[in-house]
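One file, final_30.txt, is given below (compact mmCIF, C-alpha atoms).
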```txt
# COMPACT_ATOMS: atom_id res chain seq x y z
CA MET A 3 27.11 -4.16 -8.34
CA ASP A 4 24.70 -3.09 -11.09
CA LYS A 5 21.24 -2.95 -9.58
CA LYS A 6 17.95 -1.53 -10.77
CA SER A 7 15.53 0.46 -8.69
CA VAL A 8 11.83 -0.24 -8.23
CA ASN A 9 8.81 1.89 -7.47
CA ARG A 10 6.97 1.99 -4.16
CA GLY A 11 5.21 -1.29 -3.44
CA SER A 12 6.68 -3.14 -6.41
CA ILE A 13 8.63 -5.68 -4.36
CA LEU A 14 5.57 -6.96 -2.58
CA ILE A 15 2.78 -6.65 -5.09
CA GLY A 16 4.26 -5.21 -8.26
CA ALA A 17 6.56 -6.54 -10.92
CA GLY A 18 9.61 -4.39 -10.33
CA GLU A 19 12.84 -4.73 -12.25
CA VAL A 20 15.19 -7.59 -11.61
CA GLY A 21 18.74 -6.78 -10.57
CA VAL A 22 21.79 -8.91 -11.22
CA THR A 23 21.38 -12.57 -10.34
CA ILE A 24 23.73 -13.65 -7.57
CA SER A 25 23.29 -17.34 -6.86
CA GLU A 26 20.52 -19.83 -6.28
CA ASN A 27 22.58 -21.16 -3.37
CA MET A 28 23.54 -17.85 -1.80
CA ASP A 29 24.65 -18.03 1.82
CA LYS A 30 21.48 -17.62 3.86
CA ASN A 31 23.33 -15.41 6.34
CA VAL A 32 23.91 -12.86 3.56
CA VAL A 33 20.21 -12.91 2.71
CA HIS A 34 19.21 -12.54 6.36
CA LYS A 35 21.67 -9.73 7.03
CA THR A 36 20.67 -7.76 3.93
CA ASN A 37 16.92 -8.09 4.39
CA ARG A 38 17.02 -7.56 8.17
CA LEU A 39 18.95 -4.34 7.68
CA TYR A 40 16.37 -3.08 5.22
CA TRP A 41 13.38 -3.84 7.46
CA ASP A 42 15.15 -2.38 10.48
CA THR A 43 16.02 0.89 8.74
CA LYS A 44 13.46 1.40 5.96
CA GLY A 45 10.70 -1.15 6.26
CA ASN A 46 7.16 0.04 5.74
CA ASP A 47 8.29 3.65 5.28
CA PHE A 48 8.88 2.82 1.63
CA LEU A 49 7.33 -0.53 0.76
CA ARG A 50 3.57 -0.67 0.85
CA ALA A 51 2.53 -2.99 3.68
CA ILE A 52 0.03 -5.76 2.95
CA SER A 53 -2.11 -6.93 5.83
CA LEU A 54 -5.37 -8.70 6.56
CA PRO A 55 -8.13 -8.57 5.54
CA TYR A 56 -6.20 -8.32 2.26
CA TYR A 57 -3.93 -11.11 1.08
CA GLY A 58 -2.34 -8.99 -1.62
CA GLY A 59 -3.43 -7.62 -4.96
CA PHE A 60 -7.24 -7.72 -5.03
CA ILE A 61 -7.84 -10.81 -2.85
CA SER A 62 -9.47 -10.49 0.57
CA GLU A 63 -10.27 -12.67 3.57
CA GLU A 64 -13.72 -11.10 3.74
CA LYS A 65 -14.51 -12.62 0.35
CA CYS A 66 -12.56 -15.88 0.60
CA GLN A 67 -13.32 -16.75 4.25
CA LEU A 68 -10.27 -19.00 4.58
CA PHE A 69 -10.04 -18.62 8.36
CA GLY A 70 -13.69 -18.79 9.33
CA ASP A 71 -14.48 -18.23 13.01
CA ILE A 72 -11.24 -17.94 14.99
CA SER A 73 -12.84 -17.18 18.37
CA GLY A 74 -10.83 -18.88 21.09
CA LYS A 75 -8.16 -20.07 18.66
CA LYS A 76 -4.38 -19.81 18.97
CA LEU A 77 -2.68 -18.11 16.02
CA LEU A 78 0.94 -17.66 14.95
CA GLU A 79 1.94 -15.14 12.28
CA ILE A 80 5.12 -15.65 10.26
CA GLY A 81 6.54 -12.22 9.38
CA CYS A 82 4.30 -9.89 11.36
CA GLY A 83 5.64 -6.55 10.11
CA ASN A 84 4.04 -3.65 11.93
CA GLY A 85 1.22 -5.71 13.44
CA GLN A 86 -1.76 -4.80 11.26
CA SER A 87 -2.72 -8.43 10.58
CA LEU A 88 -2.34 -9.27 14.26
CA GLN A 89 -4.77 -6.46 15.01
CA TYR A 90 -7.26 -7.97 12.56
CA GLN A 91 -7.04 -11.36 14.27
CA GLY A 92 -7.14 -9.91 17.77
CA GLU A 93 -10.31 -8.00 16.99
CA ARG A 94 -11.86 -11.27 15.83
CA ASN A 95 -11.39 -12.74 19.32
CA ALA A 96 -8.41 -15.03 18.89
CA SER A 97 -7.43 -16.42 22.29
CA GLU A 98 -3.66 -16.13 21.74
CA LEU A 99 -1.57 -14.21 19.22
CA TRP A 100 2.04 -15.10 18.54
CA ALA A 101 4.38 -13.73 15.88
CA VAL A 102 7.90 -14.21 14.56
CA ASP A 103 9.78 -11.61 12.51
CA ILE A 104 13.41 -11.16 11.50
CA SER A 105 13.37 -7.42 12.29
CA GLU A 106 13.56 -6.07 15.84
CA LYS A 107 12.33 -2.71 14.56
CA GLN A 108 9.22 -4.21 13.02
CA ILE A 109 8.49 -6.07 16.25
CA GLU A 110 8.82 -2.81 18.19
CA LYS A 111 6.33 -1.17 15.84
CA ALA A 112 3.93 -4.11 16.11
CA THR A 113 4.14 -4.14 19.90
CA GLN A 114 3.41 -0.42 20.13
CA HIS A 115 0.57 -0.69 17.64
CA LEU A 116 -1.16 -3.52 19.49
CA GLU A 117 -0.68 -1.90 22.90
CA SER A 118 -2.34 1.28 21.63
CA LEU A 119 -5.41 -0.83 20.84
CA GLY A 120 -5.44 -2.80 24.07
CA LEU A 121 -4.22 -5.95 22.35
CA SER A 122 -1.14 -8.08 22.95
CA ALA A 123 0.93 -10.79 21.32
CA LYS A 124 4.01 -12.84 22.11
CA PHE A 125 6.79 -11.80 19.74
CA ILE A 126 9.93 -13.70 18.76
CA CYS A 127 12.71 -12.07 16.75
CA SER A 128 14.21 -14.73 14.51
CA PRO A 129 14.47 -15.88 10.90
CA MET A 130 11.49 -18.10 10.17
CA GLU A 131 13.79 -20.96 9.11
CA GLU A 132 15.43 -21.35 12.52
CA GLU A 133 14.56 -22.95 15.84
CA CYS A 134 13.41 -20.10 18.06
CA GLY A 135 11.38 -21.51 20.92
CA ILE A 136 7.94 -21.60 19.30
CA PRO A 137 5.93 -24.40 20.97
CA ALA A 138 5.12 -27.55 19.04
CA ASP A 139 1.63 -28.97 18.46
CA TYR A 140 0.16 -25.77 19.88
CA PHE A 141 -1.50 -23.58 17.27
CA ASP A 142 -4.82 -23.85 15.49
CA TYR A 143 -3.63 -21.56 12.70
CA VAL A 144 -0.31 -20.42 11.33
CA TYR A 145 -0.48 -17.71 8.68
CA SER A 146 1.80 -15.44 6.69
CA ILE A 147 0.77 -12.40 4.64
CA TYR A 148 3.41 -11.62 2.00
CA ALA A 149 6.30 -12.85 4.15
CA ILE A 150 6.83 -16.54 3.42
CA GLY A 151 8.72 -15.78 0.20
CA TRP A 152 11.60 -14.24 2.17
CA THR A 153 12.61 -17.64 3.56
CA THR A 154 15.96 -19.06 2.47
CA ASP A 155 14.73 -22.62 3.12
CA LEU A 156 11.16 -23.17 1.97
CA GLU A 157 10.95 -26.89 2.74
CA GLY A 158 12.55 -26.42 6.15
CA THR A 159 10.22 -23.54 6.98
CA PHE A 160 7.13 -25.53 6.01
CA CYS A 161 8.33 -28.48 8.10
CA ARG A 162 8.77 -26.20 11.13
CA ILE A 163 5.31 -24.73 10.62
CA ALA A 164 3.86 -28.25 10.52
CA THR A 165 5.36 -28.95 13.95
CA TYR A 166 3.86 -25.75 15.39
CA LEU A 167 0.36 -26.74 14.33
CA LYS A 168 -2.00 -29.13 16.05
CA LYS A 169 -3.24 -32.11 14.05
CA ASP A 170 -5.72 -30.76 11.47
CA GLY A 171 -4.38 -27.25 12.10
CA VAL A 172 -4.47 -24.79 9.21
CA PHE A 173 -1.64 -22.97 7.42
CA ILE A 174 -2.56 -19.99 5.22
CA PHE A 175 -0.08 -17.86 3.31
CA SER A 176 0.09 -15.36 0.47
CA TRP A 177 2.93 -14.14 -1.74
CA SER A 178 3.54 -12.68 -5.18
CA HIS A 179 2.33 -15.07 -7.85
CA PRO A 180 5.31 -16.64 -9.67
CA ILE A 181 4.02 -15.63 -13.11
CA HIS A 182 3.56 -12.05 -11.94
CA ARG A 183 7.23 -11.76 -11.09
CA CYS A 184 8.29 -12.98 -14.55
CA VAL A 185 6.28 -10.55 -16.68
CA THR A 186 6.80 -6.88 -17.39
CA ASP A 187 4.97 -4.21 -19.37
CA ASP A 188 6.70 -3.30 -22.64
CA ASN A 189 4.86 -0.46 -24.38
CA GLY A 190 1.44 -1.85 -23.55
CA ARG A 191 2.33 -5.51 -24.05
CA PHE A 192 3.12 -8.04 -21.33
CA VAL A 193 6.36 -9.86 -22.07
CA PHE A 194 8.50 -12.30 -20.13
CA ARG A 195 11.55 -10.58 -18.64
CA LYS A 196 12.96 -13.67 -16.90
CA SER A 197 12.55 -17.42 -16.98
CA TYR A 198 9.72 -18.83 -14.88
CA PHE A 199 12.10 -21.64 -13.91
CA ASP A 200 14.81 -19.31 -12.54
CA GLU A 201 14.75 -19.47 -8.72
CA ALA A 202 18.08 -17.72 -8.13
CA TRP A 203 18.40 -14.98 -5.51
CA TYR A 204 18.90 -11.46 -6.90
CA PRO A 205 19.34 -7.97 -5.43
CA VAL A 206 16.88 -5.13 -5.91
CA ALA A 207 17.68 -1.53 -4.98
CA VAL A 208 14.84 0.10 -3.04
CA ASP A 209 14.90 3.70 -1.75
CA GLU A 210 18.68 3.81 -1.18
CA GLY A 211 18.53 0.36 0.35
CA GLU A 212 18.73 -3.20 -0.94
CA LEU A 213 16.64 -6.32 -0.66
CA LEU A 214 17.37 -9.85 -1.83
CA LEU A 215 14.59 -11.85 -3.47
CA ALA A 216 14.04 -15.25 -5.05
CA ASP A 217 11.06 -16.19 -7.25
CA ARG A 218 9.92 -19.76 -6.74
CA LYS A 219 7.76 -21.82 -9.06
CA LEU A 220 4.22 -22.76 -8.05
CA SER A 221 5.29 -26.41 -8.07
CA THR A 222 8.05 -25.58 -5.59
CA TYR A 223 5.47 -24.35 -3.07
CA VAL A 224 3.12 -27.28 -3.68
CA ASN A 225 5.83 -29.93 -3.42
CA ALA A 226 7.34 -28.35 -0.29
CA LEU A 227 3.92 -28.38 1.38
CA ALA A 228 3.43 -32.05 0.47
CA LYS A 229 6.86 -33.01 1.87
CA ALA A 230 6.00 -31.24 5.12
CA GLY A 231 2.81 -33.31 5.46
CA PHE A 232 0.25 -30.72 4.38
CA VAL A 233 -2.73 -31.26 2.14
CA ILE A 234 -3.82 -28.25 0.09
CA GLU A 235 -7.46 -27.32 0.57
CA GLN A 236 -7.60 -24.13 -1.49
CA LEU A 237 -5.36 -22.33 -3.98
CA ILE A 238 -6.49 -18.84 -4.94
CA GLU A 239 -4.98 -16.80 -7.76
CA GLN A 240 -8.00 -15.14 -9.33
CA THR A 241 -8.32 -11.35 -9.08
CA ASP A 242 -11.51 -10.33 -7.27
CA ASP A 243 -13.48 -8.23 -9.76
CA GLU A 244 -15.65 -6.69 -7.03
CA ILE A 245 -12.62 -5.33 -5.19
CA MET A 246 -11.15 -3.97 -8.39
CA GLN A 247 -14.41 -2.29 -9.42
CA SER A 248 -14.98 -0.80 -5.98
CA ARG A 249 -11.55 0.86 -6.07
CA ASP A 250 -11.84 2.02 -9.68
CA ASP A 251 -8.11 1.38 -9.79
CA LYS A 252 -6.27 2.62 -12.89
CA SER A 253 -2.79 1.66 -11.66
CA ASP A 254 -0.30 -0.51 -13.54
CA LEU A 255 -0.91 -3.23 -10.96
CA ALA A 256 -4.66 -3.19 -11.65
CA LYS A 257 -4.03 -3.38 -15.39
CA ARG A 258 -1.78 -6.35 -14.80
CA ALA A 259 -4.26 -8.03 -12.44
CA ARG A 260 -6.93 -8.00 -15.14
CA MET A 261 -4.68 -10.11 -17.35
CA LEU A 262 -2.76 -12.43 -15.03
CA PRO A 263 -2.57 -13.47 -11.37
CA VAL A 264 -0.55 -11.12 -9.18
CA THR A 265 -1.12 -12.82 -5.81
CA LEU A 266 -0.96 -16.45 -4.73
CA VAL A 267 -2.91 -17.63 -1.66
CA ILE A 268 -2.79 -21.19 -0.35
CA LYS A 269 -4.74 -22.80 2.48
CA ALA A 270 -3.30 -26.12 3.65
CA ARG A 271 -4.15 -28.51 6.50
CA ASN A 272 -1.68 -30.33 8.72
CA LEU A 273 -2.33 -34.08 8.51
```
The structure given in the file should be rewritten as structure tokens.
Amino acid sequence: MDKKSVNRGSILIGAGEVGVTISENMDKNVVHKTNRLYWDTKGNDFLRAISLPYYGGFISEEKCQLFGDISGKKLLEIGCGNGQSLQYQGERNASELWAVDISEKQIEKATQHLESLGLSAKFICSPMEEECGIPADYFDYVYSIYAIGWTTDLEGTFCRIATYLKKDGVFIFSWSHPIHRCVTDDNGRFVFRKSYFDEAWYPVAVDEGELLLADRKLSTYVNALAKAGFVIEQLIEQTDDEIMQSRDDKSDLAKRARMLPVTLVIKARNL
């Protein structure tokens, strides 16, 4: 299969190059197998991890204050990676930390990382779309930092998350902004390289490995949240100028972030 490579970090917060489209209705088992293999064998060794207090490209919890005081609260992370975001929440006095991730290797890393800091969490290895023993009506917050986009069933995943949350519980997630994934730099000009409306899965070659991705429209996220019974309280897509200035970042990502949104963050409440 003809695939194109991407640079470090481009899958999560950069534009990257799109490979050959496979199918919008690809078998979810193929997606799970391919992506699980990558995270088990390569994972954060190549892709730049994104973790709290950052939601992605130039957006931070410290500025947005989406969580507020979580002291004594029960939190579930969807797609915990190596545990950096769990550390952030644990150090802010959450009463319980739970996490689900598709990769056993990432869970091992997260467990070791938290134990080295005197923190702990209950981990479940499972695709986020599937029933995996997470208690219902239990959590004050469910959150996901650059992981929710890997789901093969967005509506189903949001419906599951709604059952995990208490009434009035909060769901916060971030992912690449849909526009960001459609635009590329062509000799100093930003041009569309794919249709914004194309939500098909496609392969991307990364460091001698492969990941499968799908780019969903903003309306797809909003409508899926509504069907799951959520009301959106905040939608953030604006680059934080203070963060950008403090870093004095001259990267391609920073150049892009000055012109268009690169990260999408949504805070929703369970009705």
**OP:** Grab the CA of Ala207 in chain A to CA of Lys30 in chain A distance for me, in Å with one decimal place.
**Re:** 18.7 Å
Original post:
Which polymer residues have any atom within 10 Å of an atom of Leu119 in chain A, counting all atoms listed in the file, with same-chain residues fewer than 6 positions away left out, as a list of chain:residue names?
Top reply: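 Contacts, in chain order: A:Gln89, A:Gly92, A:Glu93.
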Subject >> Interatomic distance (Å, one decimal) between CA of Thr165 in chain A and CA of Leu273 in chain A >> reply: 10.7 Å
Original post:
Hey, which of A:Ile61, A:Val224, A:Ile126, A:Val102 ends up closest to Met246 in chain A? Count only C-alpha atoms.
Top reply: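 Closest candidate: A:Ile61.
CA of Arg38 in chain A to CA of Thr154 in chain A spans 12.9 Å [interatomic distance, one decimal].
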Subject >> Residue among A:Cys66, A:Ile136, A:Ile52, A:Leu237 lying closest to Leu78 in chain A, counting all atoms listed in the file >> reply: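 For Leu78 in chain A, the nearest of the given residues is A:Ile136.
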Subject >> Surrounding residues of Arg260 in chain A excluding itself and chain neighbours under 4 positions, 10 Å, all atoms listed in the file, as a ChimeraX atom specification >> reply: /A:240-243,246,255-256,264
Original post:
Of the candidates A:Phe141, A:Tyr223, A:Phe175, A:Trp100, which shows the shortest atom-to-atom distance to Glu79 in chain A, using all atoms listed in the file?
Top reply: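 Nearest to Glu79 in chain A: A:Trp100.
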Subject >> Neighbour residues at most 9 Å from (13.2, -10.2, 10.4) (only C-alpha atoms) as an NGL selection string >> reply: :A and (34 or 37-39 or 41-42 or 81-83 or 102-109 or 127-130)
Keeping only C-alpha atoms, write the selected residues as a CSV table (one decimal), in the coordinates of the input.
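Written file, again_16.csv:
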```csv
chain,number,residue,atom,x,y,z
A,34,HIS,CA,19.2,-12.5,6.4
A,37,ASN,CA,16.9,-8.1,4.4
A,38,ARG,CA,17.0,-7.6,8.2
A,39,LEU,CA,19.0,-4.3,7.7
A,41,TRP,CA,13.4,-3.8,7.5
A,42,ASP,CA,15.2,-2.4,10.5
A,81,GLY,CA,6.5,-12.2,9.4
A,82,CYS,CA,4.3,-9.9,11.4
A,83,GLY,CA,5.6,-6.6,10.1
A,102,VAL,CA,7.9,-14.2,14.6
A,103,ASP,CA,9.8,-11.6,12.5
A,104,ILE,CA,13.4,-11.2,11.5
A,105,SER,CA,13.4,-7.4,12.3
A,106,GLU,CA,13.6,-6.1,15.8
A,107,LYS,CA,12.3,-2.7,14.6
A,108,GLN,CA,9.2,-4.2,13.0
A,109,ILE,CA,8.5,-6.1,16.2
A,127,CYS,CA,12.7,-12.1,16.8
A,128,SER,CA,14.2,-14.7,14.5
A,129,PRO,CA,14.5,-15.9,10.9
A,130,MET,CA,11.5,-18.1,10.2
```
Subject >> Who sits within 6 Å of Thr265 in chain A, all atoms listed in the file, same chain under 6 positions skipped, as a list in words >> reply: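 Once the adjacent positions are removed, what remains is Gly58, Gly59, Trp177, Ser178, His179 and Glu239 of chain A.
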Original post:
In terms of the shortest atom-to-atom distance over all atoms listed in the file, which of A:Leu214, A:Cys134, A:Leu68, A:Leu77 is closest to Val267 in chain A?
Top reply: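 Selected residue with least distance to Val267 in chain A: A:Leu68.
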Original post:
If we count all atoms listed in the file, what is near Ile163 in chain A at a cut-off of 8 Å, once residues fewer than 4 positions away on the same chain are taken out, given as an MDAnalysis selection string?
Top reply: chainID A and resid 144 159 167 173
Subject >> Pick from A:Ala96, A:Ser118, A:Lys124, A:Ser176, whichever lies nearest to Leu54 in chain A using only C-alpha atoms >> reply: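 Distance minimum relative to Leu54 in chain A lands on A:Ser176.
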Subject >> Selected residue, from A:Lys269, A:Asp188, A:Thr43, A:Tyr90, that lies nearest to Asp209 in chain A when counting only C-alpha atoms >> reply: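 Under the stated criterion, the closest residue is A:Thr43.
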